[in-house]
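Chemist: See coords.txt below, with compact mmCIF, N, CA and C atoms.
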# COMPACT_ATOMS: atom_id res chain seq x y z
N MET A 1 129.49 279.35 154.95
CA MET A 1 130.43 278.43 154.31
C MET A 1 131.32 279.22 153.37
N SER A 2 132.60 278.99 153.46
CA SER A 2 133.53 279.74 152.61
C SER A 2 133.57 279.13 151.22
N SER A 3 134.02 279.93 150.25
CA SER A 3 134.11 279.43 148.88
C SER A 3 135.18 278.35 148.77
N HIS A 4 136.20 278.39 149.66
CA HIS A 4 137.25 277.37 149.65
C HIS A 4 136.65 276.00 149.99
N THR A 5 135.77 275.97 151.00
CA THR A 5 135.12 274.73 151.39
C THR A 5 134.24 274.22 150.26
N THR A 6 133.50 275.11 149.63
CA THR A 6 132.66 274.72 148.52
C THR A 6 133.49 274.13 147.39
N THR A 7 134.61 274.74 147.09
CA THR A 7 135.49 274.23 146.04
C THR A 7 135.97 272.83 146.39
N ASN A 8 136.37 272.62 147.65
CA ASN A 8 136.82 271.29 148.07
C ASN A 8 135.71 270.27 147.98
N ASN A 9 134.47 270.64 148.38
CA ASN A 9 133.35 269.72 148.28
C ASN A 9 133.06 269.38 146.82
N THR A 10 133.11 270.37 145.96
CA THR A 10 132.87 270.14 144.55
C THR A 10 133.93 269.22 143.97
N LEU A 11 135.17 269.44 144.37
CA LEU A 11 136.26 268.59 143.89
C LEU A 11 136.04 267.15 144.33
N SER A 12 135.64 266.94 145.58
CA SER A 12 135.45 265.58 146.07
C SER A 12 134.26 264.90 145.39
N LEU A 13 133.26 265.67 144.97
CA LEU A 13 132.11 265.09 144.29
C LEU A 13 132.40 264.76 142.83
N SER A 14 133.40 265.42 142.24
CA SER A 14 133.66 265.20 140.82
C SER A 14 134.87 264.31 140.57
N THR A 15 135.39 263.69 141.63
CA THR A 15 136.49 262.74 141.48
C THR A 15 136.18 261.50 142.30
N PHE A 16 136.89 260.42 141.99
CA PHE A 16 136.79 259.21 142.80
C PHE A 16 138.13 258.49 142.75
N ALA A 17 138.37 257.68 143.76
CA ALA A 17 139.61 256.89 143.80
C ALA A 17 139.34 255.55 143.13
N CYS A 18 140.23 255.13 142.25
CA CYS A 18 140.08 253.85 141.56
C CYS A 18 140.11 252.71 142.59
N ALA A 19 139.20 251.76 142.43
CA ALA A 19 139.09 250.61 143.33
C ALA A 19 140.25 249.65 143.17
N TRP A 20 141.00 249.74 142.07
CA TRP A 20 142.09 248.80 141.81
C TRP A 20 143.47 249.45 141.99
N CYS A 21 143.72 250.55 141.28
CA CYS A 21 145.07 251.14 141.30
C CYS A 21 145.18 252.36 142.21
N GLY A 22 144.06 252.88 142.72
CA GLY A 22 144.09 254.00 143.64
C GLY A 22 144.20 255.38 143.00
N LEU A 23 144.28 255.44 141.67
CA LEU A 23 144.40 256.72 140.98
C LEU A 23 143.18 257.60 141.28
N THR A 24 143.41 258.90 141.50
CA THR A 24 142.30 259.84 141.65
C THR A 24 141.82 260.18 140.25
N VAL A 25 140.54 259.89 139.98
CA VAL A 25 139.97 259.97 138.64
C VAL A 25 138.87 261.01 138.60
N SER A 26 138.85 261.82 137.56
CA SER A 26 137.76 262.77 137.34
C SER A 26 136.51 261.99 136.94
N ALA A 27 135.37 262.40 137.44
CA ALA A 27 134.11 261.75 137.09
C ALA A 27 133.68 262.10 135.66
N TYR A 28 134.47 262.94 134.98
CA TYR A 28 134.17 263.33 133.61
C TYR A 28 135.41 263.14 132.75
N ALA A 29 135.23 262.60 131.56
CA ALA A 29 136.33 262.44 130.62
C ALA A 29 136.71 263.80 130.05
N ALA A 30 137.79 263.84 129.31
CA ALA A 30 138.28 265.10 128.75
C ALA A 30 137.24 265.78 127.86
N ASP A 31 136.39 264.99 127.20
CA ASP A 31 135.36 265.56 126.33
C ASP A 31 134.08 265.93 127.08
N GLY A 32 134.08 265.78 128.42
CA GLY A 32 132.92 266.14 129.23
C GLY A 32 131.94 265.00 129.47
N ALA A 33 132.16 263.87 128.84
CA ALA A 33 131.27 262.71 129.04
C ALA A 33 131.45 262.15 130.45
N PRO A 34 130.37 261.70 131.08
CA PRO A 34 130.51 261.12 132.42
C PRO A 34 131.36 259.85 132.37
N ARG A 35 132.14 259.63 133.41
CA ARG A 35 133.03 258.47 133.48
C ARG A 35 132.76 257.73 134.79
N ASN A 36 132.74 256.40 134.73
CA ASN A 36 132.57 255.63 135.96
C ASN A 36 133.67 254.59 136.15
N HIS A 37 134.70 254.64 135.33
CA HIS A 37 135.81 253.70 135.47
C HIS A 37 137.14 254.44 135.32
N CYS A 38 138.19 253.81 135.81
CA CYS A 38 139.52 254.40 135.79
C CYS A 38 140.07 254.38 134.36
N PRO A 39 140.59 255.51 133.86
CA PRO A 39 141.14 255.52 132.50
C PRO A 39 142.46 254.77 132.39
N SER A 40 143.12 254.54 133.52
CA SER A 40 144.41 253.87 133.50
C SER A 40 144.28 252.34 133.48
N CYS A 41 143.50 251.78 134.41
CA CYS A 41 143.39 250.32 134.51
C CYS A 41 142.00 249.80 134.12
N LEU A 42 141.04 250.68 133.90
CA LEU A 42 139.66 250.40 133.45
C LEU A 42 138.78 249.72 134.50
N HIS A 43 139.26 249.60 135.75
CA HIS A 43 138.42 249.02 136.80
C HIS A 43 137.40 250.05 137.26
N SER A 44 136.34 249.55 137.90
CA SER A 44 135.25 250.40 138.35
C SER A 44 134.79 249.91 139.72
N ARG A 45 133.77 250.53 140.25
CA ARG A 45 133.16 250.13 141.53
C ARG A 45 131.70 249.82 141.27
N HIS A 46 131.16 248.77 141.89
CA HIS A 46 129.78 248.36 141.69
C HIS A 46 128.86 249.24 142.53
N VAL A 47 128.39 250.33 141.94
CA VAL A 47 127.52 251.27 142.66
C VAL A 47 126.10 251.31 142.12
N LEU A 48 125.89 250.78 140.90
CA LEU A 48 124.55 250.74 140.32
C LEU A 48 124.11 249.30 140.12
N ASP A 49 122.86 249.02 140.45
CA ASP A 49 122.29 247.71 140.22
C ASP A 49 121.52 247.79 138.90
N HIS A 50 122.05 247.17 137.86
CA HIS A 50 121.43 247.28 136.54
C HIS A 50 120.20 246.41 136.40
N VAL A 51 119.96 245.51 137.34
CA VAL A 51 118.77 244.67 137.30
C VAL A 51 117.55 245.47 137.75
N VAL A 52 117.70 246.23 138.84
CA VAL A 52 116.57 247.01 139.37
C VAL A 52 116.69 248.50 139.06
N ASP A 53 117.69 248.89 138.27
CA ASP A 53 117.89 250.29 137.89
C ASP A 53 117.96 251.24 139.08
N GLY A 54 118.83 250.95 140.00
CA GLY A 54 119.00 251.82 141.16
C GLY A 54 120.36 251.60 141.79
N PRO A 55 120.59 252.21 142.94
CA PRO A 55 121.88 252.05 143.61
C PRO A 55 122.09 250.61 144.07
N SER A 56 123.35 250.19 144.10
CA SER A 56 123.70 248.85 144.56
C SER A 56 124.36 248.94 145.92
N ASP A 57 124.05 248.01 146.78
CA ASP A 57 124.68 247.94 148.09
C ASP A 57 125.98 247.14 148.04
N CYS A 58 126.29 246.56 146.89
CA CYS A 58 127.43 245.66 146.76
C CYS A 58 128.76 246.36 147.00
N GLU A 59 129.01 247.45 146.28
CA GLU A 59 130.26 248.23 146.38
C GLU A 59 131.50 247.43 146.00
N GLY A 60 131.32 246.27 145.34
CA GLY A 60 132.46 245.45 144.93
C GLY A 60 133.24 246.10 143.79
N ARG A 61 134.44 245.58 143.56
CA ARG A 61 135.26 246.06 142.45
C ARG A 61 134.78 245.42 141.16
N MET A 62 134.63 246.24 140.13
CA MET A 62 134.22 245.75 138.82
C MET A 62 135.47 245.60 137.96
N SER A 63 135.75 244.37 137.54
CA SER A 63 136.93 244.08 136.73
C SER A 63 136.57 244.17 135.25
N PRO A 64 137.41 244.83 134.43
CA PRO A 64 137.14 244.84 132.98
C PRO A 64 137.49 243.47 132.42
N ILE A 65 136.54 242.86 131.70
CA ILE A 65 136.77 241.50 131.21
C ILE A 65 136.70 241.37 129.69
N ALA A 66 136.06 242.34 129.02
CA ALA A 66 135.90 242.22 127.57
C ALA A 66 135.51 243.56 126.97
N ILE A 67 135.51 243.57 125.65
CA ILE A 67 135.06 244.73 124.86
C ILE A 67 133.87 244.27 124.01
N ALA A 68 132.86 245.09 123.93
CA ALA A 68 131.74 244.85 123.03
C ALA A 68 131.67 246.03 122.08
N VAL A 69 131.31 245.77 120.83
CA VAL A 69 131.18 246.83 119.85
C VAL A 69 129.72 246.91 119.43
N LEU A 70 129.11 248.08 119.61
CA LEU A 70 127.71 248.28 119.25
C LEU A 70 127.56 248.43 117.74
N ARG A 71 126.34 248.35 117.26
CA ARG A 71 126.07 248.54 115.83
C ARG A 71 126.56 249.89 115.33
N THR A 72 126.57 250.87 116.23
CA THR A 72 127.01 252.22 115.87
C THR A 72 128.53 252.30 115.73
N GLY A 73 129.23 251.24 116.15
CA GLY A 73 130.70 251.25 116.13
C GLY A 73 131.30 251.69 117.45
N ASP A 74 130.46 252.14 118.39
CA ASP A 74 130.95 252.55 119.71
C ASP A 74 131.41 251.33 120.50
N TRP A 75 132.52 251.48 121.21
CA TRP A 75 133.06 250.41 122.05
C TRP A 75 132.53 250.55 123.46
N MET A 76 132.26 249.40 124.09
CA MET A 76 131.81 249.34 125.48
C MET A 76 132.76 248.43 126.25
N VAL A 77 133.08 248.82 127.48
CA VAL A 77 133.86 247.96 128.37
C VAL A 77 132.87 247.11 129.15
N ILE A 78 133.08 245.80 129.14
CA ILE A 78 132.24 244.89 129.91
C ILE A 78 132.97 244.64 131.23
N HIS A 79 132.25 244.88 132.34
CA HIS A 79 132.80 244.68 133.67
C HIS A 79 132.06 243.54 134.36
N ARG A 80 132.78 242.80 135.22
CA ARG A 80 132.17 241.79 136.08
C ARG A 80 132.55 242.13 137.52
N CYS A 81 131.54 242.13 138.40
CA CYS A 81 131.78 242.40 139.82
C CYS A 81 132.48 241.19 140.44
N VAL A 82 133.57 241.44 141.16
CA VAL A 82 134.32 240.35 141.79
C VAL A 82 133.59 239.81 143.02
N CYS A 83 132.58 240.53 143.52
CA CYS A 83 131.82 240.07 144.70
C CYS A 83 130.55 239.31 144.32
N CYS A 84 129.75 239.86 143.41
CA CYS A 84 128.44 239.26 143.11
C CYS A 84 128.30 238.76 141.68
N ASP A 85 129.32 238.93 140.84
CA ASP A 85 129.35 238.45 139.46
C ASP A 85 128.41 239.18 138.50
N GLU A 86 127.79 240.30 138.91
CA GLU A 86 126.93 241.05 137.97
C GLU A 86 127.79 241.59 136.84
N LEU A 87 127.25 241.54 135.62
CA LEU A 87 127.91 242.09 134.44
C LEU A 87 127.30 243.44 134.10
N THR A 88 128.15 244.39 133.69
CA THR A 88 127.68 245.69 133.24
C THR A 88 128.46 246.09 132.00
N SER A 89 127.95 247.07 131.28
CA SER A 89 128.68 247.62 130.14
C SER A 89 128.70 249.14 130.29
N ASN A 90 129.84 249.72 129.93
CA ASN A 90 130.03 251.15 130.04
C ASN A 90 130.77 251.66 128.82
N PRO A 91 130.42 252.83 128.31
CA PRO A 91 131.10 253.36 127.13
C PRO A 91 132.58 253.59 127.37
N VAL A 92 133.38 253.31 126.36
CA VAL A 92 134.81 253.62 126.39
C VAL A 92 134.95 255.13 126.28
N CYS A 93 135.85 255.70 127.07
CA CYS A 93 136.13 257.13 127.01
C CYS A 93 137.37 257.36 126.14
N ALA A 94 137.46 258.52 125.54
CA ALA A 94 138.54 258.84 124.61
C ALA A 94 139.92 258.73 125.23
N ASP A 95 140.03 258.96 126.54
CA ASP A 95 141.34 258.91 127.19
C ASP A 95 141.60 257.61 127.95
N ASP A 96 140.79 256.57 127.69
CA ASP A 96 141.03 255.27 128.32
C ASP A 96 142.32 254.65 127.79
N ASN A 97 142.95 253.81 128.60
CA ASN A 97 144.20 253.15 128.26
C ASN A 97 144.01 252.28 127.01
N GLN A 98 144.58 252.72 125.89
CA GLN A 98 144.39 252.04 124.61
C GLN A 98 145.05 250.67 124.58
N LEU A 99 146.14 250.49 125.29
CA LEU A 99 146.81 249.20 125.32
C LEU A 99 145.91 248.14 125.98
N ILE A 100 145.31 248.49 127.10
CA ILE A 100 144.42 247.55 127.79
C ILE A 100 143.18 247.27 126.93
N LEU A 101 142.63 248.31 126.30
CA LEU A 101 141.46 248.12 125.43
C LEU A 101 141.78 247.14 124.30
N MET A 102 142.91 247.33 123.64
CA MET A 102 143.28 246.44 122.53
C MET A 102 143.58 245.03 123.03
N ARG A 103 144.22 244.93 124.17
CA ARG A 103 144.51 243.61 124.74
C ARG A 103 143.22 242.83 124.98
N MET A 104 142.20 243.51 125.52
CA MET A 104 140.91 242.84 125.75
C MET A 104 140.21 242.51 124.43
N ALA A 105 140.34 243.40 123.45
CA ALA A 105 139.65 243.20 122.17
C ALA A 105 140.22 242.01 121.40
N VAL A 106 141.53 241.78 121.48
CA VAL A 106 142.14 240.69 120.71
C VAL A 106 142.25 239.39 121.49
N ARG A 107 141.95 239.40 122.78
CA ARG A 107 142.06 238.20 123.60
C ARG A 107 141.32 237.00 123.00
N PRO A 108 140.11 237.14 122.49
CA PRO A 108 139.43 235.97 121.91
C PRO A 108 140.19 235.38 120.72
N LEU A 109 140.90 236.21 119.95
CA LEU A 109 141.67 235.69 118.82
C LEU A 109 142.98 235.08 119.28
N ALA A 110 143.58 235.64 120.32
CA ALA A 110 144.86 235.15 120.82
C ALA A 110 144.70 233.88 121.67
N GLN A 111 143.53 233.71 122.28
CA GLN A 111 143.28 232.56 123.15
C GLN A 111 141.93 231.94 122.80
N PRO A 112 141.79 231.34 121.61
CA PRO A 112 140.50 230.76 121.23
C PRO A 112 140.20 229.52 122.08
N PRO A 113 138.92 229.16 122.20
CA PRO A 113 138.53 228.01 123.02
C PRO A 113 138.74 226.67 122.31
N PHE A 114 139.47 226.66 121.23
CA PHE A 114 139.74 225.45 120.46
C PHE A 114 141.17 225.53 119.93
N PRO A 115 141.76 224.41 119.57
CA PRO A 115 143.15 224.46 119.06
C PRO A 115 143.21 225.07 117.67
N LEU A 116 144.15 225.98 117.47
CA LEU A 116 144.31 226.63 116.17
C LEU A 116 144.76 225.64 115.09
N GLU A 117 145.35 224.53 115.49
CA GLU A 117 145.80 223.53 114.53
C GLU A 117 144.64 222.97 113.71
N ALA A 118 143.42 223.10 114.20
CA ALA A 118 142.24 222.60 113.49
C ALA A 118 142.08 223.30 112.15
N PHE A 119 142.57 224.53 112.02
CA PHE A 119 142.46 225.25 110.76
C PHE A 119 143.35 224.65 109.67
N GLY A 120 144.38 223.95 110.04
CA GLY A 120 145.28 223.32 109.07
C GLY A 120 144.62 222.20 108.29
N THR A 121 143.57 221.61 108.84
CA THR A 121 142.88 220.50 108.17
C THR A 121 141.69 220.94 107.35
N LEU A 122 141.36 222.22 107.38
CA LEU A 122 140.19 222.70 106.62
C LEU A 122 140.50 222.92 105.17
Represent the structure of the file as structure tokens.
Modeler:
Amino acid sequence: MSSHTTTNNTLSLSTFACAWCGLTVSAYAADGAPRNHCPSCLHSRHVLDHVVDGPSDCEGRMSPIAIAVLRTGDWMVIHRCVCCDELTSNPVCADDNQLILMRMAVRPLAQPPFPLEAFGTL
């Protein structure tokens, strides 16, 4: 096996195509942390079954739906599978699209499940 073939195999193992926008994404963020979602659109692929802690046969697209903040202050992207509805959480990477992250973080304030006019009577 030539070193060129090995380099190509290594490249294919350390990148993936985004399930939503098609961007070729490194499996590692700029800081070396493992990445499983697209830094541009934050979509992912359903490859792990978090219920049984193993591989998933679903392969559905995971849509980013919310942000969760841990006690440590670390942000997590919450994904929902468009095929089976499983929810997962994944750490935000330093080079993730900040506009999309902020849009998801403020969505509950911008679109509350009750009329904002109710605050006028308090």
Chemist: Write out as a PyMOL selection string each polymer residue whose atoms come within 8 Å of range 17-31 of chain A, counting only N, CA and C atoms; drop sequence neighbours fewer than 6 positions from it.
Modeler: chain A and resi 37-45+60-62+93-96
Chemist: One decimal, in Å: what's the spacing between CA of Val106 in chain A and CA of Ala118 in chain A?
Modeler: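 Between CA of Val106 in chain A and CA of Ala118 in chain A the gap is 19.5 Å.
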Chemist: Quick one: of A:Met76, A:Leu48, A:Ile67, A:Ala110, who's nearest to Pro91 in chain A, counting only C-alpha atoms?
Modeler: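 Going through A:Met76, A:Leu48, A:Ile67, A:Ala110 one by one, the smallest distance to Pro91 in chain A is for A:Met76.
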Chemist: To one decimal place, how far is atom C of Phe119 in chain A from atom C of Leu99 in chain A in Å?
Modeler: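 Distance between the two atoms: 28.7 Å.
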Chemist: Mind giving me the straight-line distance from CA of Ala66 in chain A to atom N of Pro113 in chain A in Å, one decimal?
Modeler: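 Atom-to-atom, CA of Ala66 in chain A to atom N of Pro113 in chain A, that is 14.4 Å.
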Chemist: As a list in words, which residues of chain A does DSSP assign to alpha helix (DSSP H)?
Modeler: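 Going through chain A, the alpha helix (DSSP H) residues come out as Ser3, His4, Thr5, Thr6, Thr7, Asn8, Asn9, Thr10, Leu11, Ser12, Leu13, Gln98, Leu99, Ile100, Leu101, Met102, Arg103, Met104, Ala105, Val106, Arg107, Pro108, Leu109 and Ala110 of chain A.
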Chemist: Can you list, as an mmCIF file with N, CA and C atoms, in the coordinates of the input, every protein, DNA or RNA residue that comes within 8 Å of Cys58 in chain A when you count all atoms listed in the file, leaving out same-chain residues fewer than 5 positions away?
Modeler:
data_model
loop_
_atom_site.group_PDB
_atom_site.id
_atom_site.type_symbol
_atom_site.label_atom_id
_atom_site.label_comp_id
_atom_site.auth_asym_id
_atom_site.auth_seq_id
_atom_site.Cartn_x
_atom_site.Cartn_y
_atom_site.Cartn_z
ATOM 1 N N ARG A 45 133.770 250.530 140.250
ATOM 2 C CA ARG A 45 133.160 250.130 141.530
ATOM 3 C C ARG A 45 131.700 249.820 141.270
ATOM 4 N N HIS A 46 131.160 248.770 141.890
ATOM 5 C CA HIS A 46 129.780 248.360 141.690
ATOM 6 C C HIS A 46 128.860 249.240 142.530
ATOM 7 N N VAL A 47 128.390 250.330 141.940
ATOM 8 C CA VAL A 47 127.520 251.270 142.660
ATOM 9 C C VAL A 47 126.100 251.310 142.120
ATOM 10 N N LEU A 48 125.890 250.780 140.900
ATOM 11 C CA LEU A 48 124.550 250.740 140.320
ATOM 12 C C LEU A 48 124.110 249.300 140.120
ATOM 13 N N ASP A 49 122.860 249.020 140.450
ATOM 14 C CA ASP A 49 122.290 247.710 140.220
ATOM 15 C C ASP A 49 121.520 247.790 138.900
ATOM 16 N N CYS A 83 132.580 240.530 143.520
ATOM 17 C CA CYS A 83 131.820 240.070 144.700
ATOM 18 C C CYS A 83 130.550 239.310 144.320
ATOM 19 N N CYS A 84 129.750 239.860 143.410
ATOM 20 C CA CYS A 84 128.440 239.260 143.110
ATOM 21 C C CYS A 84 128.300 238.760 141.680
#
